[in-house]
>>> print(open('data09.cif').read())   # mmCIF, C-alpha atoms
data_run
loop_
_atom_site.group_PDB
_atom_site.id
_atom_site.type_symbol
_atom_site.label_atom_id
_atom_site.label_comp_id
_atom_site.auth_asym_id
_atom_site.auth_seq_id
_atom_site.Cartn_x
_atom_site.Cartn_y
_atom_site.Cartn_z
ATOM 1 C CA MET R 1 0.000 0.000 0.000
ATOM 2 C CA THR R 2 1.017 3.571 -0.492
ATOM 3 C CA HIS R 3 -0.647 6.824 0.441
ATOM 4 C CA ARG R 4 -2.725 8.731 -2.073
ATOM 5 C CA MET R 5 -4.399 12.119 -1.905
ATOM 6 C CA GLY R 6 -7.368 13.396 -3.840
ATOM 7 C CA THR R 7 -10.368 15.671 -3.857
ATOM 8 C CA CYS R 8 -13.191 13.461 -5.150
ATOM 9 C CA GLY R 9 -14.446 9.888 -5.309
ATOM 10 C CA ARG R 10 -12.776 9.068 -8.610
ATOM 11 C CA ASP R 11 -9.396 9.688 -6.906
ATOM 12 C CA VAL R 12 -9.871 6.657 -4.620
ATOM 13 C CA PRO R 13 -7.901 3.768 -6.187
ATOM 14 C CA LEU R 14 -8.964 0.126 -6.366
ATOM 15 C CA GLU R 15 -8.121 -2.003 -3.320
ATOM 16 C CA THR R 16 -8.136 0.946 -0.882
ATOM 17 C CA GLN R 17 -7.776 -0.498 2.625
ATOM 18 C CA PHE R 18 -8.034 2.741 4.634
ATOM 19 C CA LEU R 19 -9.552 6.109 3.788
ATOM 20 C CA LEU R 20 -9.415 9.308 5.839
ATOM 21 C CA VAL R 21 -11.641 12.108 4.537
ATOM 22 C CA GLU R 22 -11.207 15.722 5.624
ATOM 23 C CA ALA R 23 -14.340 17.807 5.097
ATOM 24 C CA ASP R 24 -15.825 21.139 6.035
ATOM 25 C CA GLY R 25 -18.328 20.334 8.783
ATOM 26 C CA SER R 26 -20.500 23.430 8.417
ATOM 27 C CA ALA R 27 -24.066 22.904 7.203
ATOM 28 C CA SER R 28 -24.090 26.083 5.131
ATOM 29 C CA GLN R 29 -21.765 28.773 3.844
ATOM 30 C CA GLU R 30 -22.933 31.216 6.540
ATOM 31 C CA ALA R 31 -22.253 28.883 9.454
ATOM 32 C CA SER R 32 -18.866 28.887 11.100
ATOM 33 C CA SER R 33 -16.768 26.226 9.474
ATOM 34 C CA SER R 34 -15.196 23.363 11.404
ATOM 35 C CA THR R 35 -13.248 20.458 9.984
ATOM 36 C CA VAL R 36 -14.625 16.947 10.336
ATOM 37 C CA TYR R 37 -12.467 13.887 9.746
ATOM 38 C CA THR R 38 -14.122 10.611 8.771
ATOM 39 C CA VAL R 39 -12.287 7.318 8.586
ATOM 40 C CA PHE R 40 -13.547 4.460 6.412
ATOM 41 C CA LEU R 41 -11.951 1.140 7.375
ATOM 42 C CA PRO R 42 -12.837 -1.945 5.289
ATOM 43 C CA LEU R 43 -13.211 -5.076 7.422
ATOM 44 C CA LEU R 44 -13.283 -8.840 7.161
ATOM 45 C CA GLU R 45 -16.742 -10.370 7.319
ATOM 46 C CA GLY R 46 -17.006 -14.139 7.368
ATOM 47 C CA GLN R 47 -15.453 -15.441 4.156
ATOM 48 C CA PHE R 48 -15.253 -11.967 2.647
ATOM 49 C CA ARG R 49 -12.861 -9.060 2.749
ATOM 50 C CA ALA R 50 -13.864 -5.535 1.885
ATOM 51 C CA ALA R 51 -12.006 -2.862 -0.066
ATOM 52 C CA LEU R 52 -12.984 0.638 -1.207
ATOM 53 C CA GLN R 53 -12.773 2.111 -4.685
ATOM 54 C CA GLY R 54 -13.932 5.251 -6.429
ATOM 55 C CA ASN R 55 -15.915 5.441 -9.645
ATOM 56 C CA ASP R 56 -16.493 7.913 -12.489
ATOM 57 C CA LYS R 57 -19.527 9.375 -10.670
ATOM 58 C CA ASP R 58 -17.251 10.437 -7.759
ATOM 59 C CA GLU R 59 -18.864 7.836 -5.514
ATOM 60 C CA ILE R 60 -17.090 5.499 -3.119
ATOM 61 C CA GLU R 61 -17.900 1.828 -3.698
ATOM 62 C CA ILE R 62 -17.442 -1.120 -1.361
ATOM 63 C CA CYS R 63 -16.083 -4.255 -3.004
ATOM 64 C CA LEU R 64 -16.586 -7.575 -1.155
ATOM 65 C CA GLU R 65 -14.453 -10.504 -2.290
ATOM 66 C CA SER R 66 -14.044 -14.074 -1.092
ATOM 67 C CA GLY R 67 -11.208 -15.098 -3.386
ATOM 68 C CA ASP R 68 -13.377 -18.010 -4.540
ATOM 69 C CA LYS R 69 -15.702 -17.655 -7.546
ATOM 70 C CA THR R 70 -18.155 -20.131 -5.993
ATOM 71 C CA VAL R 71 -18.501 -18.110 -2.759
ATOM 72 C CA GLN R 72 -20.528 -14.994 -3.591
ATOM 73 C CA THR R 73 -22.808 -12.445 -1.930
ATOM 74 C CA LYS R 74 -24.623 -9.234 -2.781
ATOM 75 C CA GLN R 75 -24.677 -7.852 0.756
ATOM 76 C CA GLY R 76 -22.469 -7.262 3.753
ATOM 77 C CA LEU R 77 -23.641 -6.239 7.202
ATOM 78 C CA HIS R 78 -20.316 -5.146 8.701
ATOM 79 C CA ALA R 79 -18.092 -4.529 5.689
ATOM 80 C CA VAL R 80 -16.776 -1.036 6.529
ATOM 81 C CA TYR R 81 -16.343 0.769 9.839
ATOM 82 C CA MET R 82 -16.873 4.558 9.775
ATOM 83 C CA HIS R 83 -16.000 7.012 12.532
ATOM 84 C CA ALA R 84 -16.103 10.832 12.387
ATOM 85 C CA GLY R 85 -14.818 13.574 14.639
ATOM 86 C CA ALA R 86 -12.773 16.754 14.918
ATOM 87 C CA ASN R 87 -9.477 15.006 15.761
ATOM 88 C CA PRO R 88 -8.049 12.807 12.966
ATOM 89 C CA PHE R 89 -5.808 10.899 15.382
ATOM 90 C CA GLU R 90 -8.774 10.018 17.590
ATOM 91 C CA VAL R 91 -10.967 8.817 14.703
ATOM 92 C CA ILE R 92 -8.129 6.620 13.417
ATOM 93 C CA SER R 93 -7.508 5.244 16.911
ATOM 94 C CA GLN R 94 -11.198 4.401 17.361
ATOM 95 C CA ALA R 95 -11.350 2.676 13.973
ATOM 96 C CA VAL R 96 -8.362 0.471 14.776
ATOM 97 C CA LYS R 97 -9.789 -0.399 18.214
ATOM 98 C CA TYR R 98 -13.077 -1.422 16.592
ATOM 99 C CA ALA R 99 -11.364 -3.527 13.927
ATOM 100 C CA VAL R 100 -9.415 -5.411 16.606
ATOM 101 C CA LEU R 101 -12.606 -5.912 18.625
ATOM 102 C CA VAL R 102 -14.640 -7.437 15.773
ATOM 103 C CA ASN R 103 -11.818 -9.202 13.913
ATOM 104 C CA SER R 104 -9.367 -11.005 16.154
ATOM 105 C CA PRO R 105 -5.922 -10.371 14.706
ATOM 106 C CA PRO R 106 -4.171 -13.532 13.513
ATOM 107 C CA SER R 107 -1.529 -14.857 15.902
ATOM 108 C CA PHE R 108 1.270 -14.360 13.374
ATOM 109 C CA LEU R 109 1.056 -10.599 13.966
ATOM 110 C CA ASP R 110 2.971 -11.241 17.191
ATOM 111 C CA TRP R 111 5.835 -12.751 15.209
ATOM 112 C CA PHE R 112 8.725 -11.018 13.515
ATOM 113 C CA GLY R 113 8.498 -11.327 9.745
ATOM 114 C CA TRP R 114 10.459 -10.043 6.791
ATOM 115 C CA CYS R 115 9.216 -8.592 3.511
ATOM 116 C CA THR R 116 11.728 -8.614 0.668
ATOM 117 C CA TRP R 117 10.443 -5.391 -0.913
ATOM 118 C CA ASP R 118 12.578 -2.942 1.074
ATOM 119 C CA ALA R 119 15.683 -5.063 0.546
ATOM 120 C CA PHE R 120 15.353 -5.871 -3.152
ATOM 121 C CA TYR R 121 12.457 -3.925 -4.683
ATOM 122 C CA THR R 122 11.843 -5.650 -8.047
ATOM 123 C CA ASP R 123 15.175 -7.544 -8.104
ATOM 124 C CA VAL R 124 14.210 -10.529 -5.906
ATOM 125 C CA THR R 125 16.392 -13.611 -6.361
ATOM 126 C CA ALA R 126 16.626 -16.915 -4.497
ATOM 127 C CA GLU R 127 20.211 -16.104 -3.560
ATOM 128 C CA GLY R 128 19.259 -12.698 -2.181
ATOM 129 C CA VAL R 129 16.414 -14.132 -0.105
ATOM 130 C CA ASP R 130 18.712 -16.855 1.255
ATOM 131 C CA GLN R 131 21.387 -14.274 2.136
ATOM 132 C CA GLY R 132 18.805 -12.016 3.804
ATOM 133 C CA LEU R 133 17.399 -14.867 5.903
ATOM 134 C CA ARG R 134 20.912 -15.936 6.961
ATOM 135 C CA SER R 135 21.841 -12.351 7.859
ATOM 136 C CA LEU R 136 18.736 -11.848 9.988
ATOM 137 C CA SER R 137 19.232 -15.191 11.759
ATOM 138 C CA GLU R 138 22.929 -14.558 12.414
ATOM 139 C CA GLY R 139 21.992 -11.133 13.805
ATOM 140 C CA GLY R 140 19.695 -12.758 16.355
ATOM 141 C CA ALA R 141 16.404 -11.894 14.623
ATOM 142 C CA PRO R 142 15.266 -14.967 12.681
ATOM 143 C CA PRO R 143 11.968 -14.232 10.936
ATOM 144 C CA ARG R 144 9.072 -16.622 11.563
ATOM 145 C CA PHE R 145 7.457 -15.730 8.245
ATOM 146 C CA ILE R 146 8.516 -14.144 4.973
ATOM 147 C CA ILE R 147 6.696 -12.168 2.299
ATOM 148 C CA ILE R 148 8.396 -12.424 -1.076
ATOM 149 C CA ASP R 149 7.384 -9.224 -2.853
ATOM 150 C CA ASP R 150 8.664 -8.079 -6.228
ATOM 151 C CA GLY R 151 6.074 -5.313 -6.506
ATOM 152 C CA TRP R 152 4.131 -6.674 -9.456
ATOM 153 C CA GLN R 153 0.697 -7.269 -7.984
ATOM 154 C CA GLN R 154 -2.014 -6.702 -10.561
ATOM 155 C CA ILE R 155 -5.503 -5.756 -9.469
ATOM 156 C CA GLY R 156 -6.996 -5.512 -12.938
ATOM 157 C CA ALA R 157 -7.524 -8.165 -15.587
ATOM 158 C CA GLU R 158 -5.493 -6.300 -18.196
ATOM 159 C CA ALA R 159 -2.042 -7.492 -19.206
ATOM 160 C CA ARG R 160 0.834 -5.399 -17.944
ATOM 161 C CA ASP R 161 4.044 -4.610 -19.804
ATOM 162 C CA GLN R 162 6.589 -4.897 -16.999
ATOM 163 C CA THR R 163 9.488 -3.770 -19.167
ATOM 164 C CA ALA R 164 8.150 -0.193 -19.278
ATOM 165 C CA ALA R 165 7.373 0.098 -15.543
ATOM 166 C CA VAL R 166 9.273 2.568 -13.396
ATOM 167 C CA VAL R 167 9.829 2.088 -9.650
ATOM 168 C CA GLN R 168 9.985 5.336 -7.732
ATOM 169 C CA GLU R 169 10.812 5.308 -3.994
ATOM 170 C CA GLY R 170 9.138 1.925 -3.620
ATOM 171 C CA ALA R 171 5.796 3.117 -5.035
ATOM 172 C CA GLN R 172 4.280 1.350 -8.023
#
>>> encode(input="data09.cif", output="structure tokens")
Amino acid sequence: MTHRMGTCGRDVPLETQFLLVEADGSASQEASSSTVYTVFLPLLEGQFRAALQGNDKDEIEICLESGDKTVQTKQGLHAVYMHAGANPFEVISQAVKYAVLVNSPPSFLDWFGWCTWDAFYTDVTAEGVDQGLRSLSEGGAPPRFIIIDDGWQQIGAEARDQTAAVVQEGAQ
């Protein structure tokens, strides 16, 4: 994930896992203006995971996916948590507390893991991964899990020409 900024619904990319909206909280132009922050946090619900995305009508859509074409639904009761307030840090904190309350975090979150992205970016090799794992273990921090990430996740069905891609500061 990487941060994005925008001014309308169409600026919200596919697979958005966290959205913080800053808005003018006044009901009319004459009223004194105060800023309201609203967090939208997609959740797990049963066999489904939620994500946000914008559309051409500047709307925010909720996408529910199971990862299995035979497991489908047209509704979700607790797909996205929303919390609003004047303090962005407080609304974020409340959203995270709620997510932990309704979705028990998996036990592996208590383990130390290693993602290859920051070490290798798109140049992941078996030798590099082996060397990284040995280095971490010899340094007294053996990872209990590993994420092998070369940065080429596709979220659309279209083919991608990887030869023309540019990596900038780890953002794709």
>>> atom_distance(input="data09.cif", atom1="atom CA of R:Tyr81", atom2="atom CA of R:Phe40")
5.8 Å
>>> resolve_selection(input="data09.cif", expression="the PyMOL selection byres ((chain R and resi 93) around 12)", output="list in words")
Leu20, Thr38, Val39, Leu41, Met82, His83, Ala84, Gly85, Asn87, Pro88, Phe89, Glu90, Val91, Ile92, Gln94, Ala95, Val96, Lys97, Tyr98, Ala99 and Val100 of chain R
>>> closest_residue(input="data09.cif", among="R:Glu127, R:Glu138, R:Asp11, R:Asp149", to="R:Gln53", atoms="all atoms listed in the file")
R:Asp11
>>> axis_aligned_box(input="data09.cif", around="stretch 125-140 of chain R", padding_each_side="3 Å", output="AutoDock Vina command-line options")
--center_x 19.7 --center_y -14.0 --center_z 5.0 --size_x 12.5 --size_y 11.8 --size_z 28.7
>>> closest_residue(input="data09.cif", among="R:Ile60, R:Ala86, R:Leu77, R:Trp117", to="R:Tyr37", atoms="only C-alpha atoms")
R:Ala86
>>> atom_distance(input="data09.cif", atom1="atom CA of R:Ser107", atom2="atom CA of R:Thr70")
28.0 Å
>>> residues_around(input="data09.cif", residues="stretch 131-133 of chain R", least_positions_apart="2", cutoff="10 Å", atoms="all atoms listed in the file", output="list of chain:residue names")
R:Trp114, R:Thr116, R:Ala119, R:Phe120, R:Thr125, R:Ala126, R:Glu127, R:Gly128, R:Val129, R:Ser135, R:Leu136, R:Ser137, R:Glu138, R:Gly139, R:Ala141, R:Pro142, R:Pro143, R:Ile146
>>> atom_distance(input="data09.cif", atom1="atom CA of R:Leu43", atom2="atom CA of R:Asp118")
26.6 Å
>>> residues_around(input="data09.cif", residues="R:Val12", least_positions_apart="5", cutoff="9 Å", atoms="all atoms listed in the file", output="ChimeraX atom specification")
/R:4-6,19,52-55,58,60
>>> residues_around(input="data09.cif", residues="R:Leu64", least_positions_apart="3", cutoff="10 Å", atoms="only C-alpha atoms", output="ChimeraX atom specification")
/R:42-45,47-52,61,67,72-76,79
